[in-house]
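Data block for data_29.tsv (TSV, C-alpha atoms):
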```tsv
chain	number	residue	atom	x	y	z
A	1	MET	CA	9.81	9.55	-11.18
A	2	VAL	CA	7.71	6.78	-12.76
A	3	LYS	CA	7.27	3.43	-11.04
A	4	LEU	CA	5.49	0.64	-12.91
A	5	MET	CA	3.05	-1.33	-10.78
A	6	ARG	CA	1.34	-4.71	-10.85
A	7	PRO	CA	-1.80	-4.78	-13.01
A	8	ASP	CA	-4.09	-5.78	-10.11
A	9	GLY	CA	-3.91	-2.15	-8.91
A	10	ILE	CA	-3.36	-2.98	-5.23
A	11	GLY	CA	0.16	-1.60	-4.91
A	12	LEU	CA	-0.77	1.41	-7.03
A	13	CYS	CA	-3.69	2.30	-4.75
A	14	ASN	CA	-1.55	1.70	-1.68
A	15	GLU	CA	0.93	4.29	-2.98
A	16	ALA	CA	-1.84	6.81	-3.63
A	17	ILE	CA	-3.58	6.26	-0.28
A	18	ALA	CA	-0.29	6.64	1.62
A	19	TRP	CA	0.52	9.85	-0.29
A	20	LEU	CA	-2.90	11.32	0.52
A	21	PHE	CA	-2.61	10.46	4.21
A	22	LEU	CA	0.99	11.62	4.65
A	23	ARG	CA	0.05	14.93	3.05
A	24	ALA	CA	-3.00	15.24	5.33
A	25	ILE	CA	-0.94	14.79	8.51
A	26	GLY	CA	1.66	17.28	7.34
A	27	LEU	CA	4.59	14.95	6.69
A	28	PRO	CA	6.78	15.85	3.70
A	29	VAL	CA	5.82	14.14	0.44
A	30	PRO	CA	6.53	14.86	-3.22
A	31	GLN	CA	4.40	17.89	-4.05
A	32	HIS	CA	3.00	16.37	-7.23
A	33	ALA	CA	1.97	12.74	-7.68
A	34	GLY	CA	-0.59	10.75	-9.61
A	35	ILE	CA	-1.63	7.55	-11.34
A	36	LEU	CA	-0.69	6.88	-14.95
A	37	ILE	CA	-2.43	4.39	-17.22
A	38	MET	CA	-0.34	3.97	-20.38
A	39	THR	CA	-0.50	1.73	-23.39
A	40	GLU	CA	2.27	-0.84	-23.54
A	41	LYS	CA	3.56	0.89	-26.66
A	42	LYS	CA	3.69	4.28	-24.93
A	43	ALA	CA	5.37	2.88	-21.83
A	44	LYS	CA	8.09	1.19	-23.89
A	45	ALA	CA	8.63	4.36	-25.92
A	46	VAL	CA	9.02	6.47	-22.77
A	47	LEU	CA	10.81	4.04	-20.44
A	48	GLY	CA	12.51	1.61	-22.82
A	49	ARG	CA	11.45	-1.90	-23.79
A	50	SER	CA	13.51	-3.60	-21.09
A	51	ALA	CA	11.81	-1.48	-18.39
A	52	VAL	CA	8.36	-2.93	-19.17
A	53	PRO	CA	8.29	-6.63	-18.24
A	54	THR	CA	5.42	-8.65	-19.68
A	55	GLU	CA	3.99	-9.48	-16.24
A	56	LEU	CA	3.17	-5.80	-15.72
A	57	VAL	CA	1.16	-5.58	-18.94
A	58	SER	CA	-2.56	-6.37	-18.92
A	59	GLY	CA	-4.86	-5.89	-21.89
A	60	GLY	CA	-2.22	-3.82	-23.63
A	61	TYR	CA	-1.91	-1.34	-20.76
A	62	VAL	CA	0.44	-0.74	-17.83
A	63	LEU	CA	-0.18	1.04	-14.53
A	64	ALA	CA	2.33	3.41	-12.97
A	65	TRP	CA	2.74	5.63	-9.94
A	66	ALA	CA	4.31	8.93	-10.92
A	67	SER	CA	5.65	11.54	-8.52
A	68	GLN	CA	7.81	14.63	-8.52
A	69	GLN	CA	11.50	13.84	-8.83
A	70	LEU	CA	13.19	15.14	-5.68
A	71	ALA	CA	16.77	16.31	-5.31
A	72	PHE	CA	17.38	14.04	-2.31
A	73	SER	CA	18.99	10.61	-2.17
A	74	SER	CA	17.98	7.73	0.06
A	75	ILE	CA	19.82	6.84	3.25
A	76	ARG	CA	20.98	3.65	1.51
A	77	ALA	CA	22.44	5.60	-1.39
A	78	LEU	CA	24.28	8.02	0.89
A	79	PHE	CA	25.54	5.76	3.70
A	80	SER	CA	26.70	2.16	3.63
A	81	GLY	CA	26.34	-0.67	6.10
A	82	CYS	CA	26.20	0.16	9.79
A	83	GLU	CA	26.49	3.89	9.08
A	84	GLY	CA	23.19	3.75	7.19
A	85	ASP	CA	21.48	1.93	10.07
A	86	ALA	CA	22.82	4.55	12.50
A	87	LYS	CA	21.56	7.41	10.31
A	88	TRP	CA	18.07	5.85	10.18
A	89	LEU	CA	18.07	5.45	13.95
A	90	ASP	CA	19.09	9.11	14.26
A	91	VAL	CA	16.11	10.02	12.05
A	92	LEU	CA	13.73	7.90	14.15
A	93	ARG	CA	14.84	9.82	17.26
A	94	THR	CA	13.54	13.07	15.72
A	95	ASP	CA	9.92	14.26	15.74
A	96	THR	CA	9.71	13.69	11.97
A	97	GLY	CA	11.11	10.19	12.32
A	98	ALA	CA	8.67	9.33	15.10
A	99	ALA	CA	5.82	10.63	12.94
A	100	ILE	CA	6.95	8.37	10.09
A	101	ALA	CA	7.13	5.45	12.53
A	102	ALA	CA	3.59	6.23	13.72
A	103	PHE	CA	2.38	6.30	10.11
A	104	ASP	CA	4.12	2.98	9.39
A	105	GLU	CA	2.44	1.39	12.39
A	106	LEU	CA	-0.98	2.82	11.54
A	107	PHE	CA	-0.83	1.47	7.99
A	108	HIS	CA	1.19	-1.63	8.90
A	109	ASN	CA	3.97	-0.77	6.48
A	110	ILE	CA	6.44	-3.64	6.25
A	111	ASP	CA	8.81	-2.01	3.77
A	112	ARG	CA	10.44	0.94	5.53
A	113	ASN	CA	14.00	0.13	4.53
A	114	LEU	CA	16.95	2.48	4.08
A	115	GLY	CA	16.10	2.88	0.40
A	116	ASN	CA	12.64	4.20	1.22
A	117	VAL	CA	13.67	7.30	3.15
A	118	LEU	CA	15.03	10.27	1.22
A	119	PHE	CA	17.57	12.02	3.46
A	120	HIS	CA	18.29	15.73	3.75
A	121	GLY	CA	19.67	15.86	7.27
A	122	LYS	CA	18.36	13.81	10.19
A	123	GLY	CA	15.47	16.16	10.88
A	124	SER	CA	14.57	16.56	7.21
A	125	CYS	CA	13.59	13.42	5.32
A	126	ILE	CA	10.83	12.19	3.04
A	127	PRO	CA	9.23	8.72	3.25
A	128	ILE	CA	8.60	7.04	-0.13
A	129	ASP	CA	7.53	3.66	-1.60
A	130	HIS	CA	4.37	2.51	0.14
A	131	GLU	CA	3.02	-0.32	-1.99
A	132	GLN	CA	3.54	-2.74	0.93
A	133	ILE	CA	1.28	-1.03	3.47
A	134	PHE	CA	-1.46	-3.19	5.05
A	135	ALA	CA	1.27	-5.86	5.42
A	136	VAL	CA	0.80	-6.62	1.71
A	137	GLN	CA	-2.66	-8.02	2.35
A	138	ASN	CA	-4.87	-8.44	-0.70
A	139	TRP	CA	-7.87	-6.20	0.03
A	140	ILE	CA	-9.46	-7.27	-3.26
A	141	ALA	CA	-9.72	-10.85	-2.00
A	142	GLY	CA	-11.16	-10.03	1.43
A	143	GLU	CA	-11.10	-7.95	4.60
A	144	ILE	CA	-7.76	-6.60	5.83
A	145	GLN	CA	-6.81	-8.44	9.00
A	146	GLN	CA	-5.51	-6.67	12.10
A	147	LEU	CA	-2.25	-8.59	12.40
A	148	ALA	CA	-0.23	-8.76	15.61
A	149	GLY	CA	3.17	-8.08	14.02
A	150	ASN	CA	4.60	-4.57	13.94
A	151	GLY	CA	5.52	-2.35	11.02
A	152	ASP	CA	9.12	-1.97	9.92
A	153	SER	CA	9.92	1.22	11.82
A	154	LEU	CA	8.68	-0.07	15.17
A	155	ARG	CA	10.58	-3.31	14.64
A	156	ALA	CA	13.74	-1.30	13.95
A	157	LEU	CA	13.25	0.67	17.15
A	158	ASN	CA	12.64	-2.48	19.19
A	159	ARG	CA	15.78	-4.10	17.76
A	160	ALA	CA	17.84	-1.01	18.50
A	161	HIS	CA	16.62	-0.91	22.09
A	162	THR	CA	17.20	-4.62	22.62
A	163	GLY	CA	20.68	-4.28	21.10
A	164	LYS	CA	21.44	-1.30	23.38
A	165	LYS	CA	21.82	1.08	20.43
A	166	LEU	CA	18.82	3.06	21.68
A	167	SER	CA	18.70	4.05	25.32
A	168	THR	CA	15.56	3.40	27.35
A	169	SER	CA	15.02	7.13	27.83
A	170	ASP	CA	15.29	7.77	24.07
A	171	TRP	CA	13.01	4.82	23.34
A	172	THR	CA	10.42	6.13	25.78
A	173	ARG	CA	10.58	9.58	24.21
A	174	VAL	CA	10.17	8.18	20.68
A	175	ARG	CA	7.19	6.07	21.73
A	176	ASP	CA	5.56	9.03	23.47
A	177	THR	CA	6.10	11.13	20.35
A	178	MET	CA	4.52	8.40	18.21
A	179	VAL	CA	1.49	8.44	20.51
A	180	ALA	CA	1.30	12.24	20.32
A	181	CYS	CA	1.45	12.06	16.51
A	182	SER	CA	-1.34	9.49	16.47
A	183	GLN	CA	-3.72	12.05	17.93
A	184	HIS	CA	-3.80	13.67	14.48
A	185	HIS	CA	-4.48	10.47	12.55
A	186	LYS	CA	-8.26	10.44	12.79
A	187	GLY	CA	-8.53	14.02	11.57
A	188	ALA	CA	-6.18	13.26	8.68
A	189	LEU	CA	-8.22	10.20	7.72
A	190	ASP	CA	-11.38	12.31	7.70
A	191	VAL	CA	-9.65	14.79	5.37
A	192	CYS	CA	-8.80	12.15	2.76
A	193	ARG	CA	-11.73	9.73	3.28
A	194	VAL	CA	-13.69	10.99	0.26
A	195	GLN	CA	-10.55	10.96	-1.91
A	196	VAL	CA	-9.88	7.33	-1.02
A	197	LEU	CA	-13.45	6.42	-1.96
A	198	GLU	CA	-13.20	8.33	-5.25
A	199	LEU	CA	-9.87	6.67	-6.06
A	200	LEU	CA	-11.16	3.15	-5.52
A	201	THR	CA	-14.52	3.65	-7.24
A	202	THR	CA	-12.80	5.22	-10.26
A	203	LEU	CA	-10.31	2.39	-10.70
A	204	PHE	CA	-12.54	-0.54	-9.75
A	205	LYS	CA	-15.99	0.67	-10.80
A	206	GLY	CA	-18.65	-1.55	-9.20
A	207	ALA	CA	-16.44	-3.09	-6.47
A	208	GLY	CA	-14.57	0.09	-5.55
A	209	SER	CA	-16.83	1.07	-2.66
A	210	ILE	CA	-16.41	-2.39	-1.13
A	211	TYR	CA	-12.62	-2.15	-1.31
A	212	ALA	CA	-12.67	1.40	0.06
A	213	ASN	CA	-14.75	0.28	3.01
A	214	ARG	CA	-12.25	-2.50	3.78
A	215	ILE	CA	-9.34	-0.07	3.73
A	216	LEU	CA	-11.08	2.69	5.67
A	217	SER	CA	-12.39	0.24	8.29
A	218	PHE	CA	-8.85	-1.08	8.87
A	219	VAL	CA	-7.40	2.39	9.33
A	220	ASP	CA	-10.40	3.65	11.33
A	221	LEU	CA	-9.82	1.02	14.00
A	222	ARG	CA	-6.16	2.03	14.28
A	223	CYS	CA	-7.13	5.69	14.65
A	224	GLN	CA	-9.15	5.02	17.80
A	225	ASP	CA	-8.13	6.53	21.11
A	226	ASN	CA	-5.30	4.64	22.85
A	227	TRP	CA	-4.70	2.23	19.93
A	228	MET	CA	-1.19	3.54	19.27
A	229	GLN	CA	-0.42	3.76	22.97
A	230	GLN	CA	-1.33	0.11	23.43
A	231	ARG	CA	0.55	-0.86	20.28
A	232	VAL	CA	3.87	0.71	21.25
A	233	GLY	CA	3.56	0.20	24.99
A	234	ALA	CA	3.94	3.88	25.84
A	235	LEU	CA	3.39	4.89	29.44
A	236	THR	CA	2.01	8.40	28.89
```

Could you show the structure in this file as structure tokens?
Amino acid sequence: MVKLMRPDGIGLCNEAIAWLFLRAIGLPVPQHAGILIMTEKKAKAVLGRSAVPTELVSGGYVLAWASQQLAFSSIRALFSGCEGDAKWLDVLRTDTGAAIAAFDELFHNIDRNLGNVLFHGKGSCIPIDHEQIFAVQNWIAGEIQQLAGNGDSLRALNRAHTGKKLSTSDWTRVRDTMVACSQHHKGALDVCRVQVLELLTTLFKGAGSIYANRILSFVDLRCQDNWMQQRVGALT
């Protein structure tokens, strides 16, 4: 699977950072993934001319996020309308779903829609498409702000509870599981810290270490003890 990205590199790095972190905490991800830098000519030859819009070309090159093609379909592709929403809520009730929700909150992912979860049974799913982590903040332009709003998964859980589609006992259990999952976040960040630095310094040369520090500082704060518990309002 090849996904062309904006030439500023922000979305591309967001995809790579999310993949590294998800792998470090043991959530399922495509086994193989990487960054492609192709000439415009090569990209059009491989993907087709219509698949390479001019706004994604810079200096004759295009950036892409490439990952292993998986034999799963998204929830959106498999289930329509309310059935899809119900399937996603079923996933969020599982330990894997709660772990995805905890990741989305940690990285402030605002694009966890039904097309961004590959489904292979409610307890077996793979989160994809992470260019909108950090609430789409431009970490090239400045520090990443700790915004008050929630990530997509937590918002979905809150809506389901308010709309009485998620019982209070189930909601409490999911929040407690999210908190339990968060206990592994700091260790996972330590595992991929050097890789994040190498990624940013390779792509951005002189400014890469500055950008890496902005990203790592944002996530570090959210890995602190009790941050997730305070965020989700868990009681245990």

Exercise. In terms of the shortest atom-to-atom distance over all atoms listed in the file, which of A:Ser67, A:Gln195, A:Ser182, A:Gln230 is closest to Ala212 in chain A?
Worked result: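 So, comparing all the options, the nearest one is A:Gln195.
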
Exercise. With distances taken over all atoms listed in the file, which of A:Leu154, A:Ala207, A:Ala98, A:Ile75 is nearest to Ile110 in chain A?
Worked result: A:Leu154

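Between Leu47 in chain A and the candidates A:Ala64, A:Phe79, A:Ala156, A:Leu216, the tightest atom-to-atom separation, counting all atoms listed in the file, involves A:Ala64.
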
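Closest approach to Asp129 in chain A among A:Thr162, A:Gly60, A:Ala148, A:Ser74: A:Ser74, based on all atoms listed in the file.
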
Exercise. Smallest atom-to-atom distance to Ala66 in chain A: which of A:Val196, A:Val52, A:Val179, A:Met38, using all atoms listed in the file?
Worked result: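 Of A:Val196, A:Val52, A:Val179, A:Met38, the one nearest Ala66 in chain A, counting all atoms listed in the file, is A:Met38.
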
For this session: Kindly indicate which residue among A:Trp19, A:Ile35, A:Gly26, A:Ile133 lies nearest to Lys3 in chain A, using all atoms listed in the file for the distances.
Result: A:Ile35

For this session: Could you please give me, as an MDAnalysis selection string, the residues of protein, DNA or RNA lying at most 8 Å from (-13.0, 2.8, 0.1) in the coordinate frame of the file, considering only C-alpha atoms?
Result: chainID A and resid 193 196:201 208:216
